[in-house]
Amino acid sequence: MQIMHCGTGPDVAPIGVWGDETDVVAATMEWAANRVVRHTDPKTTARRSSELAEATGPTITAEGLGGATALRLFDEVLAPATRSQDDPMNLAYIPAAPTRAAVAFESVTSAANIFGGLWEAGAGAIYAENQALAWLVELLGWPVTAGGCFVSGGTIGNLSALVTARHDALVRRGGIRPENGWKLACTADAHSSIRSAARVMDVDVVEVPEDGSGHLTGVALREVLAEHPGVFAVVASAGTTNTGIVDELHSVADVCAEYRVWLHVDGAYGGAGLAAPSVRGLFDGIERADSFIVDPHKWLFAPYDCCALLYRDPDLARAAHSQRASYLDTVDREAWNPADLAVHLSRRARGLPFWFSLATHGTAKYAAAIEQTLATARTVATAIAGMDHLRLLLAPELSVLLFDRPGWTEEQMRHWSRTLSDAGVLLCLTTTWNGRLVLRMAFVNPETDAAQVIEILRTTMD
Ligand SMILES: Cc1ncc(COP(=O)(O)O)c(C=O)c1O
C-alpha cells in the first residue's frame with residue numbers, strides 16, 4: 001500500500017525536550033493497527049484496582065518508564081482489563097460495533113490534533129463533520145438549515161438541547177420565569193441522563209404516564225401540559241435503553257405544537273433506525289421535533305465517544321450557548337462554530353471517524369448493516385418464542401428484546417448470565433422490567449450470528 005504524504009510540514013518532528021520519540025510512535029501505531037484487525041476477546045474483563053496495581057507496579061515516576069515498557073503494560077495488563085465492547089456476542093447494555101475504517105480514522109483524528117471548537121481553527125474537520133450531520137438531517141426530514149455539532153455522548157447532548165429549550169422558553173416569556181419553576185416532561189422510561197440534566201439545570205421533572213406498552217403518547221401528554229404551565233420541554237425517546245421502544249412521536253409532536261412546547265427526541269441508541277426502511281415508520285412525527293440526538297458510538301458504527309446533537313434552528317442554540325470573553329472577541333460568530341452550540345468550548349473533532357466511515361462505506365451499506373441487526377433481533381426473538389423452556393416477554397420494536405426462563409429463580413438467571421460471561425460465550429445481562437428481573441439482549445452488531453445465539457439459548461438454559 002502506498003502511504004500518502006501528510007501535509008506540508010517538515011518530514012520529521014525536531015528532537016526537542018522529549019528526545020527522539022520515533023520508536024514509541026512506531027510501536028504505538030503498530031499496536032493500534034493490530035488491534036483494529038484482530039478478533040475481539042470476549043474474556044477480557046474488569047479486575048480489581050489492587051490486582052492492577054500489583055501487576056503494573058508504579059507507572060508514574062520521575063524518570064518515566066519509557067514508551068516500550070508503558071506500552072507493554074497496556075498491552076499485557078491494562079487493555080485485557082477492559083471489556084471488548086465490540087465483541088459480536090456482547091449483547092449487554094448498549095454495546096458498540098465500530099467499522100474498522102472508523103476505528104482506524106480515530107487514530108488519524110488524534111494524530112491531526114484538531115481544535116474543533118471554532119471554524120477558524122478546525123474548518124476542514126468541521127466541514128466534514130457537518131456533511132455527516134447533514135445526512136442525519138435528511139433522515140429526520142428537517143430543513144437543510146438545521147444543524148448542530150458532535151459532543152461526547154448522549155448525556156451532554158441531552159443537557160445541551162434542554163439548555164437551549166429553556167433559554168428559548170425564557171426569551172419567549174419576555175425573560176420572566178414561571179412562578180412555580182421550570183419543568184420538563186418525560187416518561188419514567190426516559191434515559192437517566194434526562195433526570196441528570198434536570199438536576200444540573202435545577203428544573204423539576206413531570207412524569208407522563210405511559211400507555212400499556214410503555215410509550216409516551218399525545219393523549220397522556222396533553223393532560224400533563226394542561227396541568228403544568230411551567231413545562232418548557234418534552235423529551236420523547238426514539239428507542240428507550242431498557243426496552244428499545246419508540247414513543248408515539250406523531251401524537252406527541254401534535255400536542256407540543258398545540259402548547260408551543262419544545263420537543264426534544266432522545267435517539268441516542270435508537271436514532272440509527274431512521275436509516276432502516278423496515279422501522280422508519282415508527283419515527284413518524286420526528287420531522288416536527290426541535291432537537292434530536294443520536295450516539296454514533298452506539299448503533300452507527302463509530303468508536304467512542306460520539307454524540308450527534310441537532311437543532312431545527314441552530315440560532316436558538318447559539319443564543320443559549322455562545323461563550324463571550326475578551327480573548328474570544330476575534331471569533332467570527334457568523335462562522336459555524338461547534339463551541340456555540342453546546343456545553344463545551346475546547347473540543348476534538350470527534351465526529352470525524354463517523355464521517356470517514358460513512359464516506360468510506362456509503363449510506364446504503366449503513367442502512368443494510370442496521371437492517372441486518374434488526375433482522376438478527378427478530379430471528380432470535382422468534383426462536384425464543386418457539387422454545388418451550390423460554391418465554392419471550394417483549395418482542396423487539398427495534399433491536400432490544402426481553403425474555404425469561406420460567407421455573408428459574410432470579411439467582412439462577414443471574415448465575416446463568418455470569419457463567420456465560422466468565423466463559424466468554426455470551427454477554428447477556430439481567431434487567432428489571434415491570435418490577436421483575438428478566439434477561440435482556442441489545443443487538444447493534446451486524447456480525448452477531450443469530451444461529452449461534454439461538455444455539456446457546458437452546459443448550460444452556462434447558
Ligand atoms: C436513550 C439514551 N439516552 C442517553 C444515553 C446517554 O448516552 P451517553 O452514555 O453517551 O452519555 C443513553 C446511553 O445508553 C441512552 O441509551
# chains A, B, ... in the order shown; residues from 1 in each chain; ligands from 1
$ select_by_dssp --residues "segment 208-267 of chain A" --states "strand (DSSP E or B)" --output "list in words"
Val231, Phe232, Ala233, Val234, Val235, Ala236, Ser237, Ala238, Val246, Trp262, Leu263, His264, Val265 and Asp266 of chain A
$ residues_near_ligand --ligand "ligand 1" --cutoff "8 Å" --atoms "only C-alpha atoms and all ligand atoms" --output "JSON, numbers by chain"
{"A": [93, 94, 152, 153, 154, 155, 156, 157, 158, 190, 191, 192, 193, 194, 237, 238, 239, 240, 241, 242, 266, 267, 268, 269, 270, 295, 297, 298, 305, 306, 307]}
$ residues_around --residues "segment 214-224 of chain A" --least-positions-apart "5" --cutoff "7 Å" --atoms "only C-alpha atoms" --output "list in words"
Thr187, Val208, Pro209, Ala236, Val246, Asp247, Glu248, Ser251, Val252 and Val255 of chain A
$ closest_residue --among "A:Ala123, A:Leu401, A:Leu426, A:Ala146" --to "Tyr311 of chain A" --atoms "only C-alpha atoms"
A:Ala146
$ atom_distance --atom1 "atom CA of Asp313 of chain A" --atom2 "atom CA of Thr145 of chain A"
7.2 Å
$ atom_distance --atom1 "atom CA of Gly230 of chain A" --atom2 "atom CA of Arg199 of chain A"
16.0 Å
$ residues_around --residues "segment 439-450 of chain A" --least-positions-apart "3" --cutoff "6 Å" --atoms "only C-alpha atoms" --output "list in words"
Pro88, Leu91, Ala97, Trp299, Ala369, Gln372, Thr373, Thr376, Val380, Ser399, Val400, Leu401, Leu402, Phe403, Asp404, Cys428, Leu429, Thr430 and Val453 of chain A
$ select_by_dssp --residues "segment 267-419 of chain A" --states "helix (DSSP H, G or I)" --output "PyMOL selection string"
chain A and resi 270-275+280-283+286-288+296-299+314-321+326-328+338-341+352-361+363-385+410-419
$ residues_around --residues "Trp416 of chain A" --least-positions-apart "6" --cutoff "12 Å" --atoms "only C-alpha atoms" --output "ChimeraX atom specification"
/A:404-405,408-410,422-423,425-430,439,456-457,459-462
$ atom_distance --atom1 "atom CA of Asp41 of chain A" --atom2 "atom CA of Ser84 of chain A"
6.4 Å
$ decode --residues "segment 244-274 of chain A" --atoms "N, CA and C atoms" --output "PDB file, in the first residue's frame"
ATOM      1  N   GLY A 244     -35.993  -0.565  24.265  1.00  0.00           N
ATOM      2  CA  GLY A 244     -35.840  -0.282  22.837  1.00  0.00           C
ATOM      3  C   GLY A 244     -37.110   0.151  22.145  1.00  0.00           C
ATOM      4  N   ILE A 245     -38.031   0.783  22.872  1.00  0.00           N
ATOM      5  CA  ILE A 245     -39.275   1.180  22.203  1.00  0.00           C
ATOM      6  C   ILE A 245     -39.250   2.665  21.824  1.00  0.00           C
ATOM      7  N   VAL A 246     -40.029   2.979  20.802  1.00  0.00           N
ATOM      8  CA  VAL A 246     -40.073   4.347  20.270  1.00  0.00           C
ATOM      9  C   VAL A 246     -41.404   4.975  20.683  1.00  0.00           C
ATOM     10  N   ASP A 247     -41.319   6.137  21.344  1.00  0.00           N
ATOM     11  CA  ASP A 247     -42.548   6.815  21.775  1.00  0.00           C
ATOM     12  C   ASP A 247     -43.405   7.197  20.563  1.00  0.00           C
ATOM     13  N   GLU A 248     -44.684   7.518  20.860  1.00  0.00           N
ATOM     14  CA  GLU A 248     -45.616   7.848  19.764  1.00  0.00           C
ATOM     15  C   GLU A 248     -45.355   9.283  19.313  1.00  0.00           C
ATOM     16  N   LEU A 249     -44.336   9.430  18.473  1.00  0.00           N
ATOM     17  CA  LEU A 249     -43.809  10.765  18.182  1.00  0.00           C
ATOM     18  C   LEU A 249     -44.818  11.666  17.480  1.00  0.00           C
ATOM     19  N   HIS A 250     -45.673  11.096  16.617  1.00  0.00           N
ATOM     20  CA  HIS A 250     -46.574  11.985  15.865  1.00  0.00           C
ATOM     21  C   HIS A 250     -47.603  12.639  16.772  1.00  0.00           C
ATOM     22  N   SER A 251     -48.177  11.880  17.719  1.00  0.00           N
ATOM     23  CA  SER A 251     -49.181  12.497  18.597  1.00  0.00           C
ATOM     24  C   SER A 251     -48.496  13.413  19.625  1.00  0.00           C
ATOM     25  N   VAL A 252     -47.281  13.063  20.026  1.00  0.00           N
ATOM     26  CA  VAL A 252     -46.520  13.917  20.950  1.00  0.00           C
ATOM     27  C   VAL A 252     -46.192  15.247  20.255  1.00  0.00           C
ATOM     28  N   ALA A 253     -45.811  15.169  18.979  1.00  0.00           N
ATOM     29  CA  ALA A 253     -45.499  16.400  18.227  1.00  0.00           C
ATOM     30  C   ALA A 253     -46.750  17.266  18.083  1.00  0.00           C
ATOM     31  N   ASP A 254     -47.903  16.646  17.875  1.00  0.00           N
ATOM     32  CA  ASP A 254     -49.163  17.414  17.786  1.00  0.00           C
ATOM     33  C   ASP A 254     -49.376  18.234  19.049  1.00  0.00           C
ATOM     34  N   VAL A 255     -49.218  17.570  20.196  1.00  0.00           N
ATOM     35  CA  VAL A 255     -49.516  18.228  21.472  1.00  0.00           C
ATOM     36  C   VAL A 255     -48.464  19.297  21.795  1.00  0.00           C
ATOM     37  N   CYS A 256     -47.210  19.022  21.458  1.00  0.00           N
ATOM     38  CA  CYS A 256     -46.169  20.034  21.675  1.00  0.00           C
ATOM     39  C   CYS A 256     -46.476  21.292  20.841  1.00  0.00           C
ATOM     40  N   ALA A 257     -46.929  21.089  19.614  1.00  0.00           N
ATOM     41  CA  ALA A 257     -47.267  22.238  18.761  1.00  0.00           C
ATOM     42  C   ALA A 257     -48.455  23.003  19.355  1.00  0.00           C
ATOM     43  N   GLU A 258     -49.427  22.254  19.855  1.00  0.00           N
ATOM     44  CA  GLU A 258     -50.632  22.865  20.442  1.00  0.00           C
ATOM     45  C   GLU A 258     -50.253  23.763  21.632  1.00  0.00           C
ATOM     46  N   TYR A 259     -49.311  23.291  22.452  1.00  0.00           N
ATOM     47  CA  TYR A 259     -48.932  24.039  23.660  1.00  0.00           C
ATOM     48  C   TYR A 259     -47.671  24.885  23.464  1.00  0.00           C
ATOM     49  N   ARG A 260     -47.151  24.884  22.262  1.00  0.00           N
ATOM     50  CA  ARG A 260     -45.920  25.628  21.940  1.00  0.00           C
ATOM     51  C   ARG A 260     -44.783  25.265  22.903  1.00  0.00           C
ATOM     52  N   VAL A 261     -44.615  23.965  23.081  1.00  0.00           N
ATOM     53  CA  VAL A 261     -43.554  23.462  23.960  1.00  0.00           C
ATOM     54  C   VAL A 261     -42.499  22.762  23.096  1.00  0.00           C
ATOM     55  N   TRP A 262     -41.254  22.946  23.440  1.00  0.00           N
ATOM     56  CA  TRP A 262     -40.107  22.365  22.714  1.00  0.00           C
ATOM     57  C   TRP A 262     -40.198  20.835  22.752  1.00  0.00           C
ATOM     58  N   LEU A 263     -39.977  20.199  21.624  1.00  0.00           N
ATOM     59  CA  LEU A 263     -39.920  18.726  21.588  1.00  0.00           C
ATOM     60  C   LEU A 263     -38.481  18.281  21.318  1.00  0.00           C
ATOM     61  N   HIS A 264     -37.910  17.604  22.311  1.00  0.00           N
ATOM     62  CA  HIS A 264     -36.567  17.027  22.140  1.00  0.00           C
ATOM     63  C   HIS A 264     -36.716  15.513  22.015  1.00  0.00           C
ATOM     64  N   VAL A 265     -36.083  14.938  21.019  1.00  0.00           N
ATOM     65  CA  VAL A 265     -36.143  13.486  20.842  1.00  0.00           C
ATOM     66  C   VAL A 265     -34.773  12.883  21.157  1.00  0.00           C
ATOM     67  N   ASP A 266     -34.765  11.995  22.144  1.00  0.00           N
ATOM     68  CA  ASP A 266     -33.539  11.295  22.527  1.00  0.00           C
ATOM     69  C   ASP A 266     -33.467   9.982  21.739  1.00  0.00           C
ATOM     70  N   GLY A 267     -32.643  10.020  20.693  1.00  0.00           N
ATOM     71  CA  GLY A 267     -32.455   8.818  19.877  1.00  0.00           C
ATOM     72  C   GLY A 267     -31.042   8.293  20.046  1.00  0.00           C
ATOM     73  N   ALA A 268     -30.469   8.472  21.242  1.00  0.00           N
ATOM     74  CA  ALA A 268     -29.059   8.097  21.466  1.00  0.00           C
ATOM     75  C   ALA A 268     -28.781   6.696  20.952  1.00  0.00           C
ATOM     76  N   TYR A 269     -29.636   5.757  21.345  1.00  0.00           N
ATOM     77  CA  TYR A 269     -29.479   4.388  20.835  1.00  0.00           C
ATOM     78  C   TYR A 269     -30.277   4.201  19.530  1.00  0.00           C
ATOM     79  N   GLY A 270     -31.576   4.486  19.584  1.00  0.00           N
ATOM     80  CA  GLY A 270     -32.460   4.051  18.501  1.00  0.00           C
ATOM     81  C   GLY A 270     -32.479   4.928  17.269  1.00  0.00           C
ATOM     82  N   GLY A 271     -31.886   6.135  17.356  1.00  0.00           N
ATOM     83  CA  GLY A 271     -31.946   7.056  16.227  1.00  0.00           C
ATOM     84  C   GLY A 271     -31.394   6.460  14.938  1.00  0.00           C
ATOM     85  N   ALA A 272     -30.521   5.471  15.072  1.00  0.00           N
ATOM     86  CA  ALA A 272     -29.965   4.809  13.883  1.00  0.00           C
ATOM     87  C   ALA A 272     -31.077   4.180  13.044  1.00  0.00           C
ATOM     88  N   GLY A 273     -32.180   3.827  13.685  1.00  0.00           N
ATOM     89  CA  GLY A 273     -33.301   3.206  12.977  1.00  0.00           C
ATOM     90  C   GLY A 273     -33.898   4.096  11.892  1.00  0.00           C
ATOM     91  N   LEU A 274     -33.615   5.397  11.961  1.00  0.00           N
ATOM     92  CA  LEU A 274     -34.097   6.316  10.919  1.00  0.00           C
ATOM     93  C   LEU A 274     -33.611   5.884   9.535  1.00  0.00           C
TER      94      LEU A 274
END
